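Source file target32.cif; content: mmCIF, C-alpha atoms and all ligand atoms.
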```cif
data_structure
loop_
_atom_site.label_atom_id
_atom_site.label_comp_id
_atom_site.auth_asym_id
_atom_site.auth_seq_id
_atom_site.Cartn_x
_atom_site.Cartn_y
_atom_site.Cartn_z
CA ARG A 46 93.93 108.45 77.84
CA GLU A 47 93.18 106.37 80.89
CA THR A 48 94.54 102.87 81.29
CA ASP A 49 93.89 100.20 83.88
CA PHE A 50 97.22 98.89 85.08
CA ARG A 51 97.55 95.46 86.59
CA GLN A 52 100.64 94.04 88.16
CA PHE A 53 102.44 91.38 86.17
CA SER A 54 101.94 88.46 88.54
CA LEU A 55 98.30 88.27 89.44
CA PRO A 56 97.60 88.42 93.20
CA ASP A 57 95.96 84.95 93.04
CA ASP A 58 99.23 83.27 92.04
CA ASP A 59 100.79 84.36 95.30
CA PHE A 60 97.76 83.59 97.47
CA ALA A 61 98.18 79.78 97.48
CA SER A 62 101.93 79.84 98.04
CA GLU A 63 101.78 82.51 100.76
CA VAL A 64 99.02 80.62 102.60
CA ILE A 65 100.90 77.31 102.46
CA ARG A 66 104.13 78.98 103.55
CA GLY A 67 102.37 80.82 106.39
CA LEU A 68 100.66 77.68 107.65
CA SER A 69 103.96 75.76 107.57
CA GLY A 70 105.67 78.25 109.92
CA ARG A 71 105.67 78.31 113.73
CA PRO A 72 103.66 80.20 114.79
CA LYS A 73 101.30 79.82 111.85
CA ARG A 74 100.57 83.08 110.04
CA LEU A 75 98.28 84.36 107.31
CA PRO A 76 98.99 87.71 105.59
CA SER A 77 96.33 90.34 106.34
CA LYS A 78 96.34 91.76 102.79
CA TYR A 79 94.23 88.75 101.77
CA PHE A 80 91.35 89.96 103.94
CA TYR A 81 90.25 92.20 101.09
CA ASP A 82 88.38 90.12 98.54
CA ALA A 83 84.88 91.37 97.61
CA GLU A 84 83.37 89.81 100.78
CA GLY A 85 86.16 91.07 103.01
CA SER A 86 86.05 94.59 101.59
CA ALA A 87 82.28 94.69 102.20
CA LEU A 88 82.78 93.40 105.75
CA PHE A 89 85.43 96.06 106.37
CA GLU A 90 82.92 98.73 105.29
CA LYS A 91 80.53 97.24 107.86
CA ILE A 92 83.24 97.37 110.55
CA CYS A 93 83.55 101.10 109.88
CA ASP A 94 79.88 101.52 110.88
CA GLN A 95 80.32 99.75 114.22
CA PRO A 96 80.19 102.10 117.24
CA GLU A 97 83.43 100.65 118.69
CA TYR A 98 85.48 101.16 115.50
CA TYR A 99 86.37 104.83 115.92
CA LEU A 100 89.22 104.95 113.37
CA THR A 101 87.39 105.63 110.09
CA ARG A 102 84.86 108.00 111.63
CA THR A 103 87.62 109.94 113.37
CA GLU A 104 89.82 110.20 110.30
CA LEU A 105 86.81 111.34 108.26
CA GLU A 106 86.15 114.04 110.84
CA ILE A 107 89.77 115.22 110.47
CA MET A 108 89.42 115.29 106.69
CA ARG A 109 86.07 117.11 106.82
CA ASP A 110 87.40 119.79 109.14
CA GLN A 111 90.96 120.15 107.89
CA ALA A 112 91.32 118.98 104.28
CA ALA A 113 91.53 122.64 103.22
CA SER A 114 94.51 123.16 105.51
CA MET A 115 96.16 119.99 104.13
CA ALA A 116 95.54 121.13 100.55
CA ALA A 117 97.13 124.49 101.34
CA ALA A 118 100.19 122.71 102.74
CA LEU A 119 100.42 120.48 99.63
CA GLY A 120 99.99 123.29 97.08
CA PRO A 121 98.49 123.19 93.55
CA ASP A 122 98.96 120.73 90.62
CA VAL A 123 99.48 117.61 92.70
CA ARG A 124 99.70 114.08 91.33
CA LEU A 125 97.88 112.10 94.02
CA ILE A 126 98.81 108.44 94.48
CA GLU A 127 96.83 106.43 97.02
CA PHE A 128 97.96 103.18 98.66
CA GLY A 129 95.07 100.80 99.41
CA SER A 130 92.29 103.07 98.19
CA GLY A 131 89.27 101.17 99.57
CA ALA A 132 85.95 103.02 99.29
CA GLY A 133 87.61 106.37 98.60
CA LEU A 134 85.50 108.56 100.93
CA LYS A 135 88.45 110.37 102.50
CA THR A 136 89.98 110.74 99.06
CA ARG A 137 86.92 112.57 97.83
CA LEU A 138 87.36 115.13 100.62
CA LEU A 139 91.04 115.57 99.75
CA LEU A 140 90.39 115.85 95.98
CA GLU A 141 87.68 118.45 96.64
CA ALA A 142 90.12 120.54 98.64
CA LEU A 143 93.16 120.25 96.35
CA ARG A 144 93.78 123.06 93.84
CA ASN A 145 93.85 121.77 90.26
CA PRO A 146 95.02 118.18 90.95
CA VAL A 147 96.71 116.59 87.90
CA CYS A 148 95.69 112.97 88.35
CA TYR A 149 94.59 110.38 90.88
CA VAL A 150 96.34 106.98 90.97
CA PRO A 151 94.62 104.56 93.37
CA ILE A 152 96.61 101.37 94.01
CA GLU A 153 94.29 98.72 95.41
CA ILE A 154 94.54 94.92 95.70
CA SER A 155 90.76 94.37 95.52
CA GLN A 156 89.58 94.76 91.92
CA SER A 157 85.95 95.20 93.02
CA ALA A 158 86.79 97.90 95.57
CA LEU A 159 88.96 99.66 92.97
CA ASP A 160 86.24 99.55 90.28
CA ASP A 161 83.53 100.83 92.62
CA SER A 162 85.51 103.75 94.01
CA VAL A 163 86.92 104.89 90.67
CA ALA A 164 83.51 104.73 88.95
CA GLN A 165 82.16 107.17 91.55
CA LEU A 166 85.21 109.44 91.51
CA ARG A 167 85.19 109.70 87.70
CA GLU A 168 81.68 111.14 87.89
CA ASP A 169 82.47 113.56 90.68
CA PHE A 170 85.85 114.75 89.37
CA PRO A 171 85.65 114.79 85.56
CA GLN A 172 88.61 117.19 85.36
CA VAL A 173 90.97 114.83 87.24
CA GLN A 174 92.69 112.08 85.24
CA MET A 175 91.91 108.72 86.90
CA GLN A 176 94.66 106.07 86.63
CA PRO A 177 93.65 103.02 88.71
CA VAL A 178 96.23 100.29 89.36
CA CYS A 179 95.12 96.89 90.63
CA ALA A 180 98.19 95.76 92.55
CA ASP A 181 99.77 94.96 95.88
CA PHE A 182 101.42 98.26 96.83
CA THR A 183 104.14 96.45 98.82
CA GLN A 184 105.51 95.02 95.56
CA ALA A 185 107.50 96.88 92.92
CA LEU A 186 105.05 98.21 90.35
CA CYS A 187 104.89 100.37 87.26
CA LEU A 188 102.92 103.59 87.57
CA PRO A 189 101.08 105.19 84.64
CA ARG A 190 102.49 108.44 83.31
CA PRO A 191 100.29 111.50 83.91
CA ALA A 192 99.02 113.44 80.88
CA ARG A 193 100.25 116.75 82.34
CA GLU A 194 103.41 117.43 84.37
CA PRO A 195 102.56 117.68 88.11
CA ARG A 196 104.24 120.16 90.49
CA ARG A 197 104.78 117.38 93.00
CA THR A 198 103.74 113.80 93.73
CA VAL A 199 101.88 113.16 96.97
CA ILE A 200 101.31 109.65 98.30
CA TYR A 201 98.11 109.41 100.31
CA PHE A 202 98.10 106.48 102.74
CA PRO A 203 95.04 106.83 105.00
CA GLY A 204 93.28 104.44 107.36
CA SER A 205 96.30 103.62 109.55
CA THR A 206 97.00 100.84 107.06
CA LEU A 207 100.72 101.45 107.70
CA GLY A 208 99.97 99.98 111.13
CA ASN A 209 99.28 96.59 109.55
CA PHE A 210 103.01 96.19 108.93
CA ALA A 211 105.71 95.08 111.34
CA THR A 212 108.09 97.94 112.21
CA SER A 213 110.85 96.86 109.80
CA GLU A 214 108.34 96.38 106.96
CA ALA A 215 106.75 99.78 107.65
CA ASP A 216 110.21 101.37 107.58
CA ALA A 217 110.93 99.71 104.23
CA LEU A 218 107.56 100.78 102.85
CA LEU A 219 108.10 104.43 103.87
CA HIS A 220 111.57 104.35 102.41
CA GLY A 221 110.14 102.97 99.16
CA MET A 222 107.52 105.74 99.19
CA ARG A 223 110.33 108.28 99.57
CA LEU A 224 111.87 106.96 96.35
CA SER A 225 108.53 106.85 94.44
CA MET A 226 107.55 110.40 95.40
CA GLY A 227 110.57 112.07 93.77
CA PRO A 228 112.57 115.07 95.01
CA TYR A 229 109.69 117.43 95.92
CA GLY A 230 107.42 114.60 96.97
CA ALA A 231 105.37 114.15 100.09
CA ALA A 232 103.30 111.54 101.86
CA LEU A 233 100.10 112.14 103.78
CA VAL A 234 99.68 109.26 106.20
CA GLY A 235 96.73 108.44 108.50
CA LEU A 236 97.91 106.96 111.82
CA ASP A 237 95.94 105.67 114.78
CA LEU A 238 97.34 106.99 118.07
CA LYS A 239 98.05 105.17 121.34
CA LYS A 240 95.21 105.57 123.83
CA ASP A 241 93.58 103.60 126.68
CA ILE A 242 93.76 99.86 126.05
CA GLY A 243 90.00 99.42 126.55
CA SER A 244 89.07 101.64 123.58
CA MET A 245 91.74 100.11 121.35
CA GLU A 246 90.72 96.52 122.12
CA ALA A 247 86.99 97.29 121.82
CA ALA A 248 87.58 98.61 118.28
CA TYR A 249 88.72 95.12 117.23
CA ASN A 250 86.12 93.22 119.28
CA ASP A 251 82.82 94.87 118.32
CA ALA A 252 79.75 93.57 120.12
CA ALA A 253 77.95 92.72 116.87
CA GLY A 254 80.78 90.34 115.90
CA VAL A 255 81.47 91.97 112.53
CA THR A 256 85.25 92.05 113.08
CA ALA A 257 85.19 88.34 114.01
CA GLU A 258 83.30 87.66 110.78
CA PHE A 259 85.84 89.78 108.86
CA THR A 260 88.74 87.82 110.37
CA LEU A 261 87.16 84.40 109.75
CA ASN A 262 86.32 85.41 106.17
CA LEU A 263 90.01 84.81 105.49
CA LEU A 264 89.37 81.09 106.13
CA ALA A 265 86.19 81.25 104.03
CA ARG A 266 88.21 82.81 101.22
CA ILE A 267 90.78 80.00 101.46
CA ASN A 268 87.87 77.54 101.22
CA ARG A 269 86.48 79.34 98.15
CA GLU A 270 89.72 79.89 96.26
CA LEU A 271 92.19 77.25 97.46
CA GLU A 272 89.94 74.22 97.90
CA GLY A 273 90.16 74.54 101.66
CA ASP A 274 87.83 72.79 104.08
CA PHE A 275 88.06 75.01 107.16
CA LYS A 276 84.93 74.74 109.29
CA LEU A 277 84.51 78.31 110.49
CA ASP A 278 82.73 77.40 113.74
CA ARG A 279 85.80 75.39 114.78
CA PHE A 280 87.92 78.57 114.94
CA GLU A 281 87.59 81.88 116.76
CA HIS A 282 88.74 85.48 116.40
CA GLN A 283 91.01 86.97 119.07
CA ALA A 284 92.27 90.60 119.13
CA ARG A 285 94.50 91.83 121.99
CA TYR A 286 96.76 94.81 122.59
CA ASN A 287 100.43 93.92 122.94
CA PRO A 288 101.83 96.79 125.06
CA GLU A 289 105.52 96.02 124.33
CA ALA A 290 105.00 96.13 120.57
CA GLY A 291 102.33 98.88 120.76
CA ARG A 292 99.87 97.12 118.54
CA ILE A 293 96.62 95.17 118.39
CA GLU A 294 97.45 91.62 117.34
CA THR A 295 94.67 89.60 115.75
CA ARG A 296 94.79 85.83 115.77
CA ILE A 297 92.54 83.00 114.66
CA ILE A 298 92.48 80.34 117.40
CA SER A 299 91.69 76.68 116.79
CA ARG A 300 88.97 75.59 119.20
CA PHE A 301 89.87 71.89 118.82
CA ASP A 302 92.64 69.53 117.79
CA GLN A 303 91.85 69.23 114.09
CA ALA A 304 93.19 68.74 110.59
CA VAL A 305 92.31 70.86 107.57
CA ARG A 306 93.08 70.45 103.89
CA VAL A 307 94.30 73.46 101.93
CA SER A 308 95.42 73.33 98.29
CA GLY A 309 95.88 69.56 98.52
CA GLN A 310 97.99 69.74 101.71
CA ASP A 311 97.12 68.61 105.24
CA VAL A 312 97.50 71.18 107.99
CA SER A 313 96.96 70.17 111.60
CA PHE A 314 96.03 72.38 114.54
CA LEU A 315 96.22 71.82 118.26
CA LYS A 316 93.37 72.99 120.47
CA GLY A 317 94.19 76.63 121.36
CA GLU A 318 96.78 76.98 118.59
CA ALA A 319 96.89 80.42 116.96
CA MET A 320 97.35 81.72 113.45
CA LEU A 321 98.67 85.30 113.54
CA VAL A 322 96.66 87.24 110.97
CA GLU A 323 97.00 90.98 111.59
CA TYR A 324 98.90 93.75 113.34
CA SER A 325 97.25 97.13 113.88
CA THR A 326 100.02 99.33 115.26
CA LYS A 327 99.17 102.34 117.44
CA TYR A 328 101.53 105.32 117.48
CA SER A 329 102.76 107.94 119.93
CA LEU A 330 104.05 111.19 118.43
CA ASP A 331 107.57 110.03 119.35
CA ASP A 332 106.93 106.81 117.42
CA VAL A 333 105.89 108.91 114.40
CA GLU A 334 109.01 111.11 114.60
CA GLY A 335 111.28 108.07 114.91
CA MET A 336 109.65 106.32 111.98
CA ALA A 337 109.94 109.44 109.78
CA ALA A 338 113.60 109.88 110.70
CA ARG A 339 114.42 106.24 109.87
CA ALA A 340 112.89 106.74 106.39
CA LYS A 341 114.84 110.02 105.96
CA LEU A 342 111.58 111.99 105.78
CA HIS A 343 110.64 115.18 107.61
CA ALA A 344 107.48 115.08 109.74
CA THR A 345 106.46 118.65 108.91
CA ARG A 346 102.75 119.03 109.70
CA ARG A 347 100.05 116.99 111.41
CA TRP A 348 96.33 117.29 111.89
CA PHE A 349 94.31 115.79 114.77
CA ASP A 350 90.69 115.24 115.69
CA ARG A 351 89.32 117.01 118.76
CA ASP A 352 90.16 114.12 121.11
CA ARG A 353 93.56 113.35 119.54
CA ARG A 354 92.63 109.76 118.85
CA PHE A 355 94.02 109.78 115.31
CA CYS A 356 96.35 111.93 113.24
CA VAL A 357 97.06 112.68 109.60
CA GLN A 358 100.79 113.22 109.26
CA LEU A 359 102.56 115.07 106.43
CA LEU A 360 105.99 113.63 105.60
CA GLU A 361 108.20 115.56 103.18
CA ARG A 362 111.57 114.96 101.58
C1 LIG B 1 92.10 99.53 107.70
C2 LIG B 1 93.76 97.92 107.88
C3 LIG B 1 93.88 99.82 109.22
O1 LIG B 1 93.89 97.58 111.19
O2 LIG B 1 92.33 98.91 111.91
C4 LIG B 1 89.79 96.68 111.09
C5 LIG B 1 91.71 96.80 109.37
N1 LIG B 1 91.07 94.98 110.94
N2 LIG B 1 89.37 95.76 111.96
C6 LIG B 1 92.83 98.21 111.03
C7 LIG B 1 90.86 96.18 110.43
C8 LIG B 1 90.14 94.73 111.87
C9 LIG B 1 92.13 98.19 109.69
N3 LIG B 1 92.97 98.84 108.64
#
```

Representation of the structure as structure tokens:
Amino acid sequence: RETDFRQFSLPDDDFASEVIRGLSGRPKRLPSKYFYDAEGSALFEKICDQPEYYLTRTELEIMRDQAASMAAALGPDVRLIEFGSGAGLKTRLLLEALRNPVCYVPIEISQSALDDSVAQLREDFPQVQMQPVCADFTQALCLPRPAREPRRTVIYFPGSTLGNFATSEADALLHGMRLSMGPYGAALVGLDLKKDIGSMEAAYNDAAGVTAEFTLNLLARINRELEGDFKLDRFEHQARYNPEAGRIETRIISRFDQAVRVSGQDVSFLKGEAMLVEYSTKYSLDDVEGMAARAKLHATRRWFDRDRRFCVQLLER
């Protein structure tokens, strides 16, 4: 029996309060998880088609070439949990390679993205129990019980989404994953690697302006859902590599002194003032080892693309 699980507090309840809190801080911030409404998820898919955005293409290449090797390392009868499942293309490659997977549990904040991907996967993998959960994977959540006892639980966390978190949050998330995966558990994590600054910055500043549109959609979403009156042409997208922190930092910059109303509150901006909206951390192999050690996990195997731009890392208890 398949059940759709939803978290107890609906994501929308938190949206207003998190936006107001973020805009009251100095610097102003907006949480990047709110990028992914239906519009934002569609725009992210469009980012993945841009020539500058190498991440998705590269990770797909790794999965195409080496999913069989990953599946061999994971073994049979796996319960596969995915954090932030998105369109589920990489997942399909992993599910195809796995031997007799017990169930697939995608945890995704965007209901539309979750519905679309699971509908497809149900058709393609009728023998795998599908147990979608619409939730924010950073919050405590209840997971559905599988119909058959798995040999081990594997948490799949592709896309370098871990890089969206500050170091301390990422550590906490990995540590939480360690607890959710149980004693023989594992995590398979996609991580974007440090490389020349030009390529990293270009990936977040595509010439067609799709990433800028994706970033500013956060303001459009606030307008749609929180009675905001942001004028999008009065703000601009900025994405720069911070070499000390080892991450791309995306900000929305106010082009003028201006006031905006959000959820019945006035928020004022100075010309040039920034709202911090996203981190996209880039890793060295030393960074990966350090992070695994802090979460008390063993970095046992990793798979790269030809040019070593990206890696899929196996972490085991
Ligand atoms: C899928 C969240 C990892 O940070 O590279 C792409 C999101 N933001 N372009 C990333 C994103 C701007 C992406 N993640």

Within 10 Å of (101.8, 78.0, 112.1) (file coordinates; all atoms listed in the file), which protein or nucleic acid residues are there? I'd like them as a short mmCIF file (atom, residue, chain, number, x, y, z; two decimals) with C-alpha atoms, in the coordinates of the input.
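Final file, part22.cif:
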```cif
data_model
loop_
_atom_site.label_atom_id
_atom_site.label_comp_id
_atom_site.auth_asym_id
_atom_site.auth_seq_id
_atom_site.Cartn_x
_atom_site.Cartn_y
_atom_site.Cartn_z
CA ILE A 65 100.90 77.31 102.46
CA ARG A 66 104.13 78.98 103.55
CA GLY A 67 102.37 80.82 106.39
CA LEU A 68 100.66 77.68 107.65
CA SER A 69 103.96 75.76 107.57
CA GLY A 70 105.67 78.25 109.92
CA ARG A 71 105.67 78.31 113.73
CA PRO A 72 103.66 80.20 114.79
CA LYS A 73 101.30 79.82 111.85
CA ARG A 74 100.57 83.08 110.04
CA LEU A 75 98.28 84.36 107.31
CA VAL A 312 97.50 71.18 107.99
CA SER A 313 96.96 70.17 111.60
CA PHE A 314 96.03 72.38 114.54
CA GLU A 318 96.78 76.98 118.59
CA ALA A 319 96.89 80.42 116.96
CA MET A 320 97.35 81.72 113.45
CA LEU A 321 98.67 85.30 113.54
#
```

- Message: Give me, as a VMD selection string, all polymer residues having an atom no more than 9 Å from stretch 334-339 of chain A, counting all atoms listed in the file and skipping those fewer than 2 positions away in the same chain.
- Response: chain A and resid 212 215 to 216 219 to 220 329 to 332 341 to 344 360

Under the rule of at most 10 Å, produce a per-residue listing of stretch 124-161 of chain A near stretch 93-116 of chain A: chain, number, name, the closest pair of atoms, and the distance in Å, as JSON lines, using all atoms listed in the file.
```
{"residue": "A:Leu134", "atom": "CA", "partner": "A:Leu105", "partner_atom": "CA", "distance": 7.9}
{"residue": "A:Lys135", "atom": "CA", "partner": "A:Leu105", "partner_atom": "CA", "distance": 6.1}
{"residue": "A:Thr136", "atom": "CA", "partner": "A:Met108", "partner_atom": "CA", "distance": 8.9}
{"residue": "A:Arg137", "atom": "CA", "partner": "A:Met108", "partner_atom": "CA", "distance": 9.6}
{"residue": "A:Leu138", "atom": "CA", "partner": "A:Met108", "partner_atom": "CA", "distance": 6.4}
{"residue": "A:Leu139", "atom": "CA", "partner": "A:Ala112", "partner_atom": "CA", "distance": 5.7}
{"residue": "A:Leu140", "atom": "CA", "partner": "A:Ala116", "partner_atom": "CA", "distance": 8.7}
{"residue": "A:Glu141", "atom": "CA", "partner": "A:Ala112", "partner_atom": "CA", "distance": 8.5}
{"residue": "A:Ala142", "atom": "CA", "partner": "A:Ala113", "partner_atom": "CA", "distance": 5.2}
{"residue": "A:Leu143", "atom": "CA", "partner": "A:Ala116", "partner_atom": "CA", "distance": 4.9}
{"residue": "A:Arg144", "atom": "CA", "partner": "A:Ala116", "partner_atom": "CA", "distance": 7.2}
```

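Here atom CA of A:Ala290 and atom CA of A:Arg354 stand 18.5 Å from one another.
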
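For the set A:Phe182, A:Tyr79, A:Tyr286, A:Tyr324, the residue with the smallest atom-to-atom gap to ligand LIG 1 (chain B) is A:Tyr324, counting all atoms listed in the file.
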
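Each of A:Ser86, A:Asn145, A:Thr198, A:Ser325 was checked against A:Met222 using all atoms listed in the file; the smallest atom-to-atom distance is that of A:Thr198.
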